[in-house]
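Undergrad: The following block contains the structure, expressed as structure tokens.
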Amino acid sequence: MLLFGLLLVAVTGAFTGLLIAGNLSGGPEYQVVLLGHDLVTLNSLGIFLAGLALALLF
């Protein structure tokens, strides 16, 4: 069971690494707006990493 858990963690890490590598090419940029104010401009990699950080936090 421990081996299966470690295998799942390794596969998840590899999949996340592939997703990050696939988004390094840039792409369109999106502005984050809160209450009418432009907070920051993020590309698709920044948005993905922000979602990943929120998922790890919760």
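Quick note on naming: the chains in the structure tokens go A, B, ... in the order shown, residues restart at 1 in each chain, and ligands are numbered from 1 in order of appearance.
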Among chain A, which residues carry a DSSP assignment of alpha helix (DSSP H), reported as a PyMOL selection string?
TA: chain A and resi 2-22+44-57
Undergrad: Determine which residues of chain A DSSP labels as strand (DSSP E) from the backbone of this structure, then write them out as a PyMOL selection string.
TA: chain A and resi 29-34+37-43
Undergrad: Name the residues in contact with Asn43 (chain A) at a cut-off of 10 Å, using only C-alpha atoms, excluding same-chain residues fewer than 4 positions from it; report them as number ranges by chain.
TA: A: 23-31, 47-48
Undergrad: Which residues come within 12 Å of region 4-16 of chain A, counting only C-alpha atoms, excluding same-chain residues fewer than 3 positions away, as number ranges by chain?
TA: A: 1, 19-23, 45, 48-49, 51-52
